[in-house]
Amino acid sequence: MSYILGTNLVPNEQVEIALTRIFGLGPKKAIQVCAQLGFNDNIRVNKLTKYQIDRIIKIISQNYLVDLELARVIQRDIKQLMSIGCYRGFRHNAGLPLRGQRTHTNAKTCRKFRNVSINQRS
């Protein structure tokens with residue numbers, strides 16, 4: 001099993017498909033990485049050499065935000081929304097949907113685990 005950027009890749013999958021398991025790499029970016037390296041479409045992860053794996057890691061780390069770096073950026077952006085007091089930050093803090101979804105009958109899962117009301121009475 002190949003270990004690339006914090007993710008174990010399935011050895012029998014095609015490289016393009018296996019790269020999509022890395023957080024932050026979707027199908028489009030995985031195809032771009034394989035095109036930059038000149039890989040055949042049918043090459044499998046277990047057929048890659050150590051040199052090819054090193055090249056994959058180098059290209060991904062230079063050109064894309066992935067895994068822990070991307071998670072840190074997302075969390076930083078959410079904290080910034082909360083600190084400036086905007087609507088989206090308020091909804092993040094309350095654990096409610098952000099993008100105008102209905103909450104009367106739906107969104108029960110996002111409200112289930114937090115029993116914190118917005119206006120607590122003493």
# chains A, B, ... in the order shown; residues from 1 in each chain; ligands from 1
call {"tool": "closest_atom_pairs", "arguments": {"of": "region 46-119 of chain A", "to": "region 18-21 of chain A", "cutoff": "12 Å", "atoms": "only C-alpha atoms", "output": "Markdown table"}}
result
| residue | atom | partner | partner_atom | distance |
| --- | --- | --- | --- | --- |
| A:Asn46 | CA | A:Ala18 | CA | 10.9 |
| A:Ile53 | CA | A:Leu19 | CA | 11.3 |
| A:Ile56 | CA | A:Leu19 | CA | 9.5 |
| A:Ile57 | CA | A:Leu19 | CA | 10.6 |
| A:Ile60 | CA | A:Leu19 | CA | 10.0 |
| A:Val66 | CA | A:Arg21 | CA | 10.8 |
| A:Asp67 | CA | A:Arg21 | CA | 10.2 |
call {"tool": "write_last_selection", "arguments": {"atoms": "N, CA, C and O atoms", "output": "PDB file, in the first residue's frame"}}
result
ATOM      1  N   ASN A  46       0.011   0.011  -7.524  1.00  0.00           N
ATOM      2  CA  ASN A  46       1.054  -0.956  -7.175  1.00  0.00           C
ATOM      3  C   ASN A  46       2.133  -1.078  -8.248  1.00  0.00           C
ATOM      4  O   ASN A  46       3.176  -1.669  -7.995  1.00  0.00           O
ATOM      5  N   ILE A  53       6.373   7.930  -7.267  1.00  0.00           N
ATOM      6  CA  ILE A  53       5.643   8.339  -6.066  1.00  0.00           C
ATOM      7  C   ILE A  53       6.225   9.634  -5.512  1.00  0.00           C
ATOM      8  O   ILE A  53       5.486  10.535  -5.104  1.00  0.00           O
ATOM      9  N   ILE A  56       4.964  12.467  -7.620  1.00  0.00           N
ATOM     10  CA  ILE A  56       3.564  12.781  -7.302  1.00  0.00           C
ATOM     11  C   ILE A  56       3.507  13.657  -6.052  1.00  0.00           C
ATOM     12  O   ILE A  56       2.823  14.684  -6.022  1.00  0.00           O
ATOM     13  N   ILE A  57       4.231  13.262  -5.022  1.00  0.00           N
ATOM     14  CA  ILE A  57       4.236  14.015  -3.771  1.00  0.00           C
ATOM     15  C   ILE A  57       4.771  15.431  -4.000  1.00  0.00           C
ATOM     16  O   ILE A  57       4.222  16.404  -3.480  1.00  0.00           O
ATOM     17  N   ILE A  60       2.102  17.579  -6.004  1.00  0.00           N
ATOM     18  CA  ILE A  60       0.924  17.897  -5.205  1.00  0.00           C
ATOM     19  C   ILE A  60       1.267  18.902  -4.112  1.00  0.00           C
ATOM     20  O   ILE A  60       0.533  19.865  -3.885  1.00  0.00           O
ATOM     21  N   VAL A  66      -3.516  20.478   0.416  1.00  0.00           N
ATOM     22  CA  VAL A  66      -4.163  19.199   0.692  1.00  0.00           C
ATOM     23  C   VAL A  66      -4.014  18.833   2.159  1.00  0.00           C
ATOM     24  O   VAL A  66      -3.171  19.366   2.870  1.00  0.00           O
ATOM     25  N   ASP A  67      -4.859  17.933   2.593  1.00  0.00           N
ATOM     26  CA  ASP A  67      -4.819  17.267   3.890  1.00  0.00           C
ATOM     27  C   ASP A  67      -4.816  18.270   5.040  1.00  0.00           C
ATOM     28  O   ASP A  67      -5.730  19.076   5.142  1.00  0.00           O
TER      29      ASP A  67
END
call {"tool": "residues_around", "arguments": {"residues": "Asn40 (chain A)", "least_positions_apart": "4", "cutoff": "10 Å", "atoms": "only C-alpha atoms", "output": "list in words"}}
result
Gln14, Val15, Glu16, Cys34, Ala35 and Arg44 of chain A
call {"tool": "write_last_selection", "arguments": {"atoms": "C-alpha atoms", "output": "PDB file, in the first residue's frame"}}
result
ATOM      1  CA  GLN A  14      -5.892   3.355 -11.076  1.00  0.00           C
ATOM      2  CA  VAL A  15      -3.709   6.279 -10.034  1.00  0.00           C
ATOM      3  CA  GLU A  16      -6.263   8.927 -11.075  1.00  0.00           C
ATOM      4  CA  CYS A  34      -1.389  12.537 -13.854  1.00  0.00           C
ATOM      5  CA  ALA A  35      -1.221  14.604 -17.046  1.00  0.00           C
ATOM      6  CA  ARG A  44      -2.186   1.087 -11.156  1.00  0.00           C
TER       7      ARG A  44
END
call {"tool": "select_by_dssp", "arguments": {"residues": "chain A", "states": "helix (DSSP H, G or I)", "output": "PyMOL selection string"}}
result
chain A and resi 15-19+27-37+45-47+50-63+67-84+87-94+108-112
call {"tool": "write_last_selection", "arguments": {"atoms": "C-alpha atoms", "output": "tab-separated table (two decimals), in the first residue's frame"}}
result
chain	number	residue	atom	x	y	z
A	15	VAL	CA	-3.71	6.28	-10.03
A	16	GLU	CA	-6.26	8.93	-11.08
A	17	ILE	CA	-8.96	7.33	-8.95
A	18	ALA	CA	-6.67	6.60	-6.01
A	19	LEU	CA	-5.47	10.22	-5.82
A	27	PRO	CA	-11.17	14.01	-9.95
A	28	LYS	CA	-10.21	17.08	-11.97
A	29	LYS	CA	-7.05	17.83	-9.99
A	30	ALA	CA	-6.08	14.14	-9.98
A	31	ILE	CA	-6.30	14.06	-13.77
A	32	GLN	CA	-4.18	17.24	-13.96
A	33	VAL	CA	-1.50	15.71	-11.74
A	34	CYS	CA	-1.39	12.54	-13.85
A	35	ALA	CA	-1.22	14.60	-17.05
A	36	GLN	CA	1.70	16.66	-15.69
A	37	LEU	CA	3.57	13.46	-14.88
A	45	VAL	CA	-0.84	2.29	-7.81
A	46	ASN	CA	1.05	-0.96	-7.18
A	47	LYS	CA	2.92	-0.52	-10.49
A	50	LYS	CA	9.53	4.97	-5.79
A	51	TYR	CA	10.68	7.75	-8.13
A	52	GLN	CA	7.17	8.20	-9.56
A	53	ILE	CA	5.64	8.34	-6.07
A	54	ASP	CA	8.18	10.99	-5.06
A	55	ARG	CA	7.28	13.03	-8.16
A	56	ILE	CA	3.56	12.78	-7.30
A	57	ILE	CA	4.24	14.01	-3.77
A	58	LYS	CA	6.42	16.85	-5.05
A	59	ILE	CA	3.87	18.12	-7.60
A	60	ILE	CA	0.92	17.90	-5.20
A	61	SER	CA	2.74	19.63	-2.35
A	62	GLN	CA	3.99	22.44	-4.62
A	63	ASN	CA	0.74	23.18	-6.46
A	67	ASP	CA	-4.82	17.27	3.89
A	68	LEU	CA	-3.85	19.05	7.12
A	69	GLU	CA	-2.88	22.34	5.47
A	70	LEU	CA	-6.29	22.61	3.81
A	71	ALA	CA	-8.08	21.66	7.03
A	72	ARG	CA	-6.19	24.39	8.90
A	73	VAL	CA	-7.14	26.98	6.28
A	74	ILE	CA	-10.81	25.98	6.45
A	75	GLN	CA	-10.85	26.14	10.26
A	76	ARG	CA	-9.09	29.51	10.20
A	77	ASP	CA	-11.70	30.88	7.78
A	78	ILE	CA	-14.55	29.63	9.97
A	79	LYS	CA	-12.98	31.22	13.07
A	80	GLN	CA	-12.61	34.49	11.18
A	81	LEU	CA	-16.30	34.40	10.22
A	82	MET	CA	-17.20	33.88	13.87
A	83	SER	CA	-14.90	36.63	15.12
A	84	ILE	CA	-16.23	39.33	12.77
A	87	TYR	CA	-24.36	35.78	9.71
A	88	ARG	CA	-22.44	32.73	8.53
A	89	GLY	CA	-20.20	32.86	11.59
A	90	PHE	CA	-23.25	33.05	13.84
A	91	ARG	CA	-24.79	30.01	12.12
A	92	HIS	CA	-21.51	28.08	12.42
A	93	ASN	CA	-21.40	28.88	16.11
A	94	ALA	CA	-25.01	27.81	16.63
A	108	LYS	CA	-32.51	17.72	12.59
A	109	THR	CA	-29.09	16.07	12.53
A	110	CYS	CA	-27.21	19.35	12.82
A	111	ARG	CA	-29.42	20.38	15.75
A	112	LYS	CA	-29.53	16.99	17.48
call {"tool": "atom_distance", "arguments": {"atom1": "CA of Gly6 (chain A)", "atom2": "CA of Ile22 (chain A)"}}
result
7.8 Å
